[in-house]
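Printed here is query08.txt (compact mmCIF, C-alpha atoms):
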```txt
# COMPACT_ATOMS: atom_id res chain seq x y z
CA MET A 1 -1.33 -23.07 -14.07
CA THR A 2 -1.14 -21.58 -10.60
CA PHE A 3 -3.26 -18.60 -9.59
CA THR A 4 -0.18 -16.36 -9.39
CA GLU A 5 1.12 -17.35 -12.83
CA GLY A 6 1.34 -14.26 -15.00
CA ILE A 7 0.92 -11.92 -12.04
CA GLY A 8 4.62 -11.84 -11.15
CA LEU A 9 4.20 -11.66 -7.35
CA ARG A 10 7.58 -11.65 -5.63
CA ARG A 11 6.88 -11.06 -1.93
CA ILE A 12 4.93 -9.04 0.60
CA ASP A 13 6.23 -5.51 0.15
CA HIS A 14 4.57 -3.73 3.06
CA VAL A 15 1.50 -3.46 5.23
CA GLY A 16 -0.28 -0.10 5.21
CA ILE A 17 -1.60 1.24 8.50
CA ALA A 18 -3.92 4.27 8.61
CA VAL A 19 -3.01 6.55 11.51
CA PRO A 20 -4.38 9.92 12.64
CA ASP A 21 -0.97 11.16 13.92
CA LEU A 22 2.15 10.10 12.02
CA ASP A 23 4.65 11.16 14.69
CA ALA A 24 2.79 9.37 17.49
CA ALA A 25 2.58 6.21 15.36
CA LEU A 26 6.29 6.41 14.51
CA GLU A 27 7.13 6.80 18.18
CA TRP A 28 5.22 3.60 18.96
CA TYR A 29 6.62 1.53 16.06
CA ALA A 30 10.17 2.65 16.90
CA GLY A 31 9.89 2.58 20.70
CA ALA A 32 7.76 -0.50 21.29
CA LEU A 33 8.73 -2.56 18.24
CA GLY A 34 12.27 -1.33 17.49
CA GLY A 35 11.57 -0.14 13.95
CA THR A 36 13.37 2.68 12.16
CA GLU A 37 11.90 5.26 9.82
CA VAL A 38 13.55 4.53 6.47
CA HIS A 39 11.57 6.84 4.18
CA ARG A 40 9.06 9.69 4.48
CA GLU A 41 7.17 11.59 1.82
CA VAL A 42 4.04 13.58 1.12
CA ASN A 43 1.80 12.20 -1.62
CA GLU A 44 -0.51 15.09 -2.52
CA ALA A 45 -2.35 13.03 -5.15
CA GLN A 46 -3.40 10.47 -2.53
CA GLY A 47 -3.80 13.03 0.26
CA VAL A 48 -1.32 11.43 2.66
CA VAL A 49 1.94 11.92 4.45
CA GLU A 50 3.57 8.54 4.84
CA ALA A 51 6.52 6.95 6.55
CA MET A 52 8.01 3.54 5.85
CA VAL A 53 9.26 1.68 8.91
CA GLY A 54 11.82 -1.11 8.63
CA TRP A 55 13.68 -3.51 10.91
CA PRO A 56 17.33 -4.61 10.98
CA GLU A 57 16.68 -8.03 9.45
CA GLY A 58 14.85 -6.51 6.46
CA GLY A 59 11.74 -8.06 5.00
CA ALA A 60 8.36 -6.41 4.64
CA GLN A 61 7.98 -2.91 5.99
CA VAL A 62 5.13 -1.07 7.70
CA GLN A 63 3.78 1.97 5.86
CA LEU A 64 2.18 4.51 8.18
CA LEU A 65 -0.36 6.68 6.36
CA ALA A 66 -1.69 9.90 7.90
CA PRO A 67 -4.23 12.16 6.19
CA LEU A 68 -3.22 15.55 4.80
CA GLY A 69 -6.79 16.82 5.14
CA ASP A 70 -10.31 15.82 6.11
CA ASP A 71 -11.22 14.95 2.51
CA SER A 72 -8.37 12.48 1.88
CA PRO A 73 -9.19 8.79 1.40
CA ILE A 74 -7.17 7.94 4.53
CA ALA A 75 -9.16 10.46 6.60
CA LYS A 76 -12.37 8.88 5.30
CA PHE A 77 -11.02 5.41 6.09
CA ILE A 78 -10.16 6.44 9.66
CA GLY A 79 -13.54 8.15 10.00
CA SER A 80 -15.46 5.03 9.02
CA LYS A 81 -13.26 2.17 10.23
CA GLY A 82 -10.89 3.82 12.71
CA PRO A 83 -7.10 3.62 12.63
CA GLY A 84 -5.58 0.30 11.63
CA LEU A 85 -4.77 -2.04 8.79
CA GLN A 86 -5.62 -0.30 5.52
CA GLN A 87 -3.91 -2.44 2.86
CA LEU A 88 -1.58 -5.34 2.12
CA ALA A 89 0.97 -4.66 -0.60
CA PHE A 90 2.84 -7.11 -2.81
CA THR A 91 5.94 -6.44 -4.90
CA VAL A 92 5.31 -7.36 -8.54
CA ASP A 93 7.65 -7.53 -11.53
CA ASP A 94 5.38 -5.42 -13.75
CA VAL A 95 2.31 -3.66 -12.34
CA GLU A 96 0.55 -3.46 -15.73
CA ALA A 97 1.05 -7.17 -16.45
CA ALA A 98 -0.12 -8.05 -12.93
CA ALA A 99 -3.21 -5.86 -13.33
CA ASP A 100 -4.01 -7.44 -16.72
CA ALA A 101 -3.62 -10.97 -15.30
CA LEU A 102 -5.90 -10.15 -12.37
CA ARG A 103 -8.51 -8.53 -14.62
CA ALA A 104 -8.46 -11.70 -16.74
CA ARG A 105 -9.36 -13.58 -13.54
CA GLY A 106 -12.33 -11.28 -12.95
CA CYS A 107 -10.77 -8.90 -10.43
CA ARG A 108 -11.54 -5.21 -10.47
CA LEU A 109 -8.67 -2.77 -10.10
CA LEU A 110 -9.10 0.74 -8.76
CA TYR A 111 -7.17 2.47 -11.56
CA ASP A 112 -7.24 1.97 -15.32
CA GLU A 113 -3.53 2.84 -15.44
CA PRO A 114 -0.84 2.59 -12.74
CA ARG A 115 -0.22 5.63 -10.54
CA GLN A 116 2.88 6.88 -8.79
CA GLY A 117 3.42 5.41 -5.34
CA THR A 118 6.06 5.66 -2.64
CA ALA A 119 9.62 6.46 -3.72
CA GLY A 120 8.72 6.58 -7.42
CA SER A 121 7.12 3.15 -7.54
CA ARG A 122 4.18 2.36 -9.83
CA ILE A 123 1.06 1.06 -8.11
CA ASN A 124 -2.48 -0.18 -8.53
CA PHE A 125 -5.01 -1.73 -6.16
CA VAL A 126 -7.29 -4.76 -6.31
CA HIS A 127 -10.77 -3.87 -5.08
CA PRO A 128 -11.41 -5.31 -1.61
CA ARG A 129 -14.65 -6.95 -2.77
CA ASP A 130 -12.57 -9.12 -5.10
CA ALA A 131 -9.89 -9.91 -2.50
CA GLY A 132 -11.76 -11.24 0.51
CA GLY A 133 -12.36 -7.78 1.97
CA VAL A 134 -8.70 -6.73 1.87
CA LEU A 135 -7.39 -3.84 -0.21
CA ILE A 136 -4.45 -5.35 -2.11
CA GLU A 137 -1.79 -3.01 -3.48
CA LEU A 138 0.45 -4.04 -6.37
CA VAL A 139 3.86 -2.32 -6.19
CA GLU A 140 6.40 -2.19 -9.01
CA PRO A 141 9.51 -0.64 -7.43
CA ALA A 142 11.20 2.30 -9.16
```
Rewrite the coordinates I just gave you, this time as structure tokens.
Amino acid sequence: MTFTEGIGLRRIDHVGIAVPDLDAALEWYAGALGGTEVHREVNEAQGVVEAMVGWPEGGAQVQLLAPLGDDSPIAKFIGSKGPGLQQLAFTVDDVEAAADALRARGCRLLYDEPRQGTAGSRINFVHPRDAGGVLIELVEPA
């Protein structure tokens, strides 16, 4: 049995970057790196405004996350660690099955039940202490 058996990992979905100014970050990712904003939304529950940036060849995207207020988790992240890499997200077949398989391997997840993520996806997170210091997001697309 491989470690990923039962988790249903398909690919890297996106990399989340915490930014203090969404428009300035988008300008850099588009201007310097040639990306295109492919989706934008406000997630009140998570206290962020986010934009997904993609490239012509497809593949994993970059998710830019800016705080909606000083009390949002992203604002706290930026306050303690500064702007930068906030999470690594993987596409999974079934977020509940993936969470159960990871719990069976001793991993802690941040939520008891999946929550709504970008574009109607269902998400959960593996605690960074159980993932080598990296916040891992599990994404089941809508």
Problem set entry | Test item: which residues lie within 7 Å of (-4.4, 3.9, 11.9) counting only C-alpha atoms, as JSON, numbers by chain | {"A": [17, 18, 19, 20, 78, 82, 83, 84, 85]}
Pull the closest atom pair for each residue of region 102-135 of chain A that gets at most 10 Å from region 28-48 of chain A, along with the distance in Å to one decimal, counting only C-alpha atoms, ordering rows by chain and then ascending residue number, as a Markdown table.
```
| residue | atom | partner | partner_atom | distance |
| --- | --- | --- | --- | --- |
| A:Arg115 | CA | A:Ala45 | CA | 9.4 |
| A:Gln116 | CA | A:Ala45 | CA | 8.9 |
| A:Gly117 | CA | A:Asn43 | CA | 7.9 |
| A:Thr118 | CA | A:Glu41 | CA | 7.5 |
| A:Ala119 | CA | A:Glu41 | CA | 7.9 |
```
Let me see the file: selected residues, C-alpha atoms, as a compact mmCIF listing (two decimals), in the frame of the given file.
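File again.txt, as written:
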```txt
# COMPACT_ATOMS: atom_id res chain seq x y z
CA ARG A 115 -0.22 5.63 -10.54
CA GLN A 116 2.88 6.88 -8.79
CA GLY A 117 3.42 5.41 -5.34
CA THR A 118 6.06 5.66 -2.64
CA ALA A 119 9.62 6.46 -3.72
```
Exercise. Suppose you want the space between CA of Trp55 (chain A) and CA of Val92 (chain A); what is it in Å?
Worked result: 21.5 Å
For this session: State, in Å with one decimal place, the distance from CA of Glu57 (chain A) to CA of Leu135 (chain A).
Result: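 Atom-to-atom, CA of Glu57 (chain A) and CA of Leu135 (chain A) are spaced 26.3 Å apart.
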Problem set entry | Coordinates-based distance that separates CA of Ser80 (chain A) from CA of Leu102 (chain A) (Å, one decimal) | 27.9 Å
